[in-house]
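To start, the structure under review is shown below, and the notes come after it.
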Amino acid sequence: MTATETETEVRGSPMTIQQVSRLSGLSEPTLRYYEKIGLIPAVARDRDSGHRRYHPGVVDTIRSLGCLRSTGTSVQDMRAYLGHLDEGAQGAAPLRDLFRRNAERLEREMALMEVRLRYLRLKADMWDARERGDADAERRAIEEVTDVMDAL
């Protein structure tokens with residue numbers, strides 16, 4: 001983010017879609033899509049240019065959505081998150097459950113990624129053994145690869 005963008009954010013002035021995209025990590029098409037589906041409210045437009053101008057409150061929401069998206073949270077769960085924010089203590093339990101459920105999903109994804117990584121490393125070991133002419137190491141790698149393949 002440039003100094004100009006930081007100053008704009010600090011002053012609380014409306015931000016352009018490019019600025020919000022850089023700040024949130026969400027692409028411009030994603031920002032337009034979130035507006036279209038009502039995940040974020042309709043964004044005010046500049047009277048002269050017609051370009052979107054994001055006000056600070058919406059930018060805060062978009063930054064939160066950017067964090068959620070980076071974890072793979074679904075649009076449905078993002079809607080639920082936004083829906084429970086203003087419920088105070090009543091919204092705490094559903095939000096806790098939403099975050100726990102997504103943490104568990106991410107743990108499962110990470111475990112699967114570890115298996116995929118193991119598979120790739122074993123395949124590299126197998127080809128390395130073949131290149132060196134080490135038949136025993138190649139055979140062991142093939143056996144391990146076969147075991148890992150069952151987990152995929």
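Labels for the structure tokens follow display order: chains A, B, ..., residues from 1 in each chain, ligands from 1.
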
**Request:** Determine which residues of region 29-99 of chain A DSSP labels as alpha helix (DSSP H) from the backbone of this structure, then write them out as number ranges by chain.
**Result:** A: 29-36, 56-70, 75-84, 89-99

**Request:** Once DSSP has gone over the backbone, tell me which residues of region 4-143 of chain A are in strand (DSSP E), as a list of chain:residue names.
**Result:** A:Ala44, A:Arg45, A:Arg52, A:Arg53

May I have the residues from that selection written out with C-alpha atoms, as an mmCIF file, in the first residue's frame?
data_model
loop_
_atom_site.group_PDB
_atom_site.id
_atom_site.type_symbol
_atom_site.label_atom_id
_atom_site.label_comp_id
_atom_site.auth_asym_id
_atom_site.auth_seq_id
_atom_site.Cartn_x
_atom_site.Cartn_y
_atom_site.Cartn_z
ATOM 1 C CA ALA A 44 -21.875 4.608 -3.363
ATOM 2 C CA ARG A 45 -20.773 5.962 -6.716
ATOM 3 C CA ARG A 52 -17.384 3.004 -6.739
ATOM 4 C CA ARG A 53 -16.354 4.793 -3.560
#

**Counting only C-alpha atoms, the option among A:Leu122, A:Ala129, A:Met78, A:Cys67 closest to Glu143 (chain A)** =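 Nearest to Glu143 (chain A): A:Leu122.
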
**Asked** Which residues come within 12 Å of Gly57 (chain A), counting only C-alpha atoms, excluding same-chain residues fewer than 6 positions away, as a PyMOL selection string?
**Response** chain A and resi 9+12-15+20+40-41+43+63-64

**Prompt:** Separation of CA of Leu39 (chain A) and CA of Ser74 (chain A), in Å?
**Reply:** 11.6 Å

**Request:** Measuring atom to atom with only C-alpha atoms, identify which of A:Val148, A:Leu120, A:Leu65, A:Ala103 is nearest to Ser24 (chain A).
**Result:**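 Checking each of A:Val148, A:Leu120, A:Leu65, A:Ala103 against Ser24 (chain A), counting only C-alpha atoms, the winner is A:Leu65.
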
**Message:** List the spatial neighbours of Ala124 (chain A) as a PyMOL selection string - criterion: any atom at most 12 Å away, only C-alpha atoms, same-chain residues fewer than 4 positions off excluded.
**Reply:** chain A and resi 117-120+128-131+137-138+141-142+144-145

Output all heavy atoms of each residue in that selection to a file, as an mmCIF file, in the first residue's frame.
data_model
loop_
_atom_site.group_PDB
_atom_site.id
_atom_site.type_symbol
_atom_site.label_atom_id
_atom_site.label_comp_id
_atom_site.auth_asym_id
_atom_site.auth_seq_id
_atom_site.Cartn_x
_atom_site.Cartn_y
_atom_site.Cartn_z
ATOM 1 N N LEU A 117 1.902 -33.788 -0.156
ATOM 2 C CA LEU A 117 3.318 -33.431 -0.109
ATOM 3 C C LEU A 117 4.184 -34.674 0.065
ATOM 4 O O LEU A 117 5.205 -34.830 -0.622
ATOM 5 C CB LEU A 117 3.571 -32.437 1.030
ATOM 6 C CG LEU A 117 5.001 -31.986 1.253
ATOM 7 C CD1 LEU A 117 5.562 -31.295 0.016
ATOM 8 C CD2 LEU A 117 5.064 -31.065 2.471
ATOM 9 N N ARG A 118 3.776 -35.556 0.935
ATOM 10 C CA ARG A 118 4.526 -36.808 1.139
ATOM 11 C C ARG A 118 4.588 -37.603 -0.156
ATOM 12 O O ARG A 118 5.637 -38.135 -0.524
ATOM 13 C CB ARG A 118 3.855 -37.628 2.249
ATOM 14 C CG ARG A 118 4.490 -38.980 2.479
ATOM 15 C CD ARG A 118 5.212 -39.020 3.803
ATOM 16 N NE ARG A 118 5.708 -40.363 4.070
ATOM 17 C CZ ARG A 118 6.977 -40.717 3.885
ATOM 18 N NH1 ARG A 118 7.860 -39.845 3.478
ATOM 19 N NH2 ARG A 118 7.370 -41.946 4.144
ATOM 20 N N TYR A 119 3.472 -37.686 -0.864
ATOM 21 C CA TYR A 119 3.423 -38.390 -2.144
ATOM 22 C C TYR A 119 4.445 -37.810 -3.122
ATOM 23 O O TYR A 119 5.222 -38.541 -3.739
ATOM 24 C CB TYR A 119 2.011 -38.304 -2.733
ATOM 25 C CG TYR A 119 1.896 -38.803 -4.137
ATOM 26 C CD1 TYR A 119 1.797 -40.167 -4.406
ATOM 27 C CD2 TYR A 119 1.889 -37.914 -5.208
ATOM 28 C CE1 TYR A 119 1.696 -40.631 -5.710
ATOM 29 C CE2 TYR A 119 1.784 -38.365 -6.513
ATOM 30 C CZ TYR A 119 1.692 -39.727 -6.761
ATOM 31 O OH TYR A 119 1.598 -40.186 -8.051
ATOM 32 N N LEU A 120 4.451 -36.493 -3.258
ATOM 33 C CA LEU A 120 5.375 -35.850 -4.196
ATOM 34 C C LEU A 120 6.829 -36.074 -3.803
ATOM 35 O O LEU A 120 7.682 -36.334 -4.670
ATOM 36 C CB LEU A 120 5.071 -34.359 -4.296
ATOM 37 C CG LEU A 120 3.737 -34.011 -4.953
ATOM 38 C CD1 LEU A 120 3.455 -32.522 -4.814
ATOM 39 C CD2 LEU A 120 3.724 -34.442 -6.413
ATOM 40 N N ASP A 128 14.839 -40.205 -8.110
ATOM 41 C CA ASP A 128 16.230 -39.987 -7.757
ATOM 42 C C ASP A 128 16.958 -41.331 -7.647
ATOM 43 O O ASP A 128 18.073 -41.480 -8.159
ATOM 44 C CB ASP A 128 16.315 -39.222 -6.426
ATOM 45 C CG ASP A 128 17.748 -38.961 -6.019
ATOM 46 O OD1 ASP A 128 18.468 -38.269 -6.768
ATOM 47 O OD2 ASP A 128 18.153 -39.465 -4.943
ATOM 48 N N ALA A 129 16.316 -42.293 -7.007
ATOM 49 C CA ALA A 129 16.922 -43.624 -6.871
ATOM 50 C C ALA A 129 17.117 -44.271 -8.239
ATOM 51 O O ALA A 129 18.151 -44.895 -8.493
ATOM 52 C CB ALA A 129 16.053 -44.506 -5.975
ATOM 53 N N ARG A 130 16.128 -44.097 -9.101
ATOM 54 C CA ARG A 130 16.258 -44.674 -10.442
ATOM 55 C C ARG A 130 17.419 -44.035 -11.184
ATOM 56 O O ARG A 130 18.213 -44.720 -11.847
ATOM 57 C CB ARG A 130 14.972 -44.497 -11.240
ATOM 58 C CG ARG A 130 15.083 -45.140 -12.636
ATOM 59 C CD ARG A 130 13.784 -45.194 -13.368
ATOM 60 N NE ARG A 130 12.869 -46.112 -12.688
ATOM 61 C CZ ARG A 130 11.613 -46.274 -13.057
ATOM 62 N NH1 ARG A 130 11.125 -45.595 -14.077
ATOM 63 N NH2 ARG A 130 10.833 -47.108 -12.415
ATOM 64 N N GLU A 131 17.540 -42.714 -11.071
ATOM 65 C CA GLU A 131 18.627 -42.011 -11.756
ATOM 66 C C GLU A 131 19.990 -42.501 -11.256
ATOM 67 O O GLU A 131 20.924 -42.655 -12.035
ATOM 68 C CB GLU A 131 18.499 -40.497 -11.532
ATOM 69 C CG GLU A 131 19.599 -39.696 -12.192
ATOM 70 C CD GLU A 131 19.523 -38.216 -11.892
ATOM 71 O OE1 GLU A 131 19.187 -37.848 -10.741
ATOM 72 O OE2 GLU A 131 19.793 -37.429 -12.808
ATOM 73 N N ALA A 137 16.605 -48.725 -3.140
ATOM 74 C CA ALA A 137 15.970 -47.465 -2.737
ATOM 75 C C ALA A 137 14.738 -47.187 -3.593
ATOM 76 O O ALA A 137 13.712 -46.716 -3.090
ATOM 77 C CB ALA A 137 16.965 -46.312 -2.842
ATOM 78 N N GLU A 138 14.825 -47.503 -4.876
ATOM 79 C CA GLU A 138 13.677 -47.300 -5.762
ATOM 80 C C GLU A 138 12.515 -48.201 -5.332
ATOM 81 O O GLU A 138 11.367 -47.758 -5.257
ATOM 82 C CB GLU A 138 14.056 -47.576 -7.214
ATOM 83 C CG GLU A 138 12.899 -47.336 -8.176
ATOM 84 C CD GLU A 138 13.266 -47.567 -9.634
ATOM 85 O OE1 GLU A 138 14.457 -47.818 -9.937
ATOM 86 O OE2 GLU A 138 12.351 -47.508 -10.457
ATOM 87 N N ALA A 141 10.926 -46.834 -2.210
ATOM 88 C CA ALA A 141 10.142 -45.631 -2.522
ATOM 89 C C ALA A 141 8.816 -46.006 -3.175
ATOM 90 O O ALA A 141 7.771 -45.432 -2.855
ATOM 91 C CB ALA A 141 10.942 -44.688 -3.407
ATOM 92 N N ILE A 142 8.845 -46.980 -4.076
ATOM 93 C CA ILE A 142 7.617 -47.425 -4.744
ATOM 94 C C ILE A 142 6.644 -48.000 -3.719
ATOM 95 O O ILE A 142 5.440 -47.718 -3.763
ATOM 96 C CB ILE A 142 7.935 -48.451 -5.856
ATOM 97 C CG1 ILE A 142 8.626 -47.739 -7.021
ATOM 98 C CG2 ILE A 142 6.667 -49.160 -6.331
ATOM 99 C CD1 ILE A 142 9.193 -48.678 -8.077
ATOM 100 N N GLU A 144 6.445 -47.248 -0.535
ATOM 101 C CA GLU A 144 5.906 -46.130 0.263
ATOM 102 C C GLU A 144 4.912 -45.309 -0.546
ATOM 103 O O GLU A 144 3.879 -44.889 -0.016
ATOM 104 C CB GLU A 144 7.043 -45.250 0.772
ATOM 105 C CG GLU A 144 7.876 -45.911 1.857
ATOM 106 C CD GLU A 144 8.910 -44.957 2.428
ATOM 107 O OE1 GLU A 144 8.500 -43.932 3.017
ATOM 108 O OE2 GLU A 144 10.120 -45.231 2.258
ATOM 109 N N VAL A 145 5.220 -45.073 -1.811
ATOM 110 C CA VAL A 145 4.299 -44.324 -2.672
ATOM 111 C C VAL A 145 2.965 -45.054 -2.760
ATOM 112 O O VAL A 145 1.895 -44.441 -2.666
ATOM 113 C CB VAL A 145 4.897 -44.099 -4.090
ATOM 114 C CG1 VAL A 145 3.825 -43.673 -5.073
ATOM 115 C CG2 VAL A 145 6.014 -43.076 -4.043
#
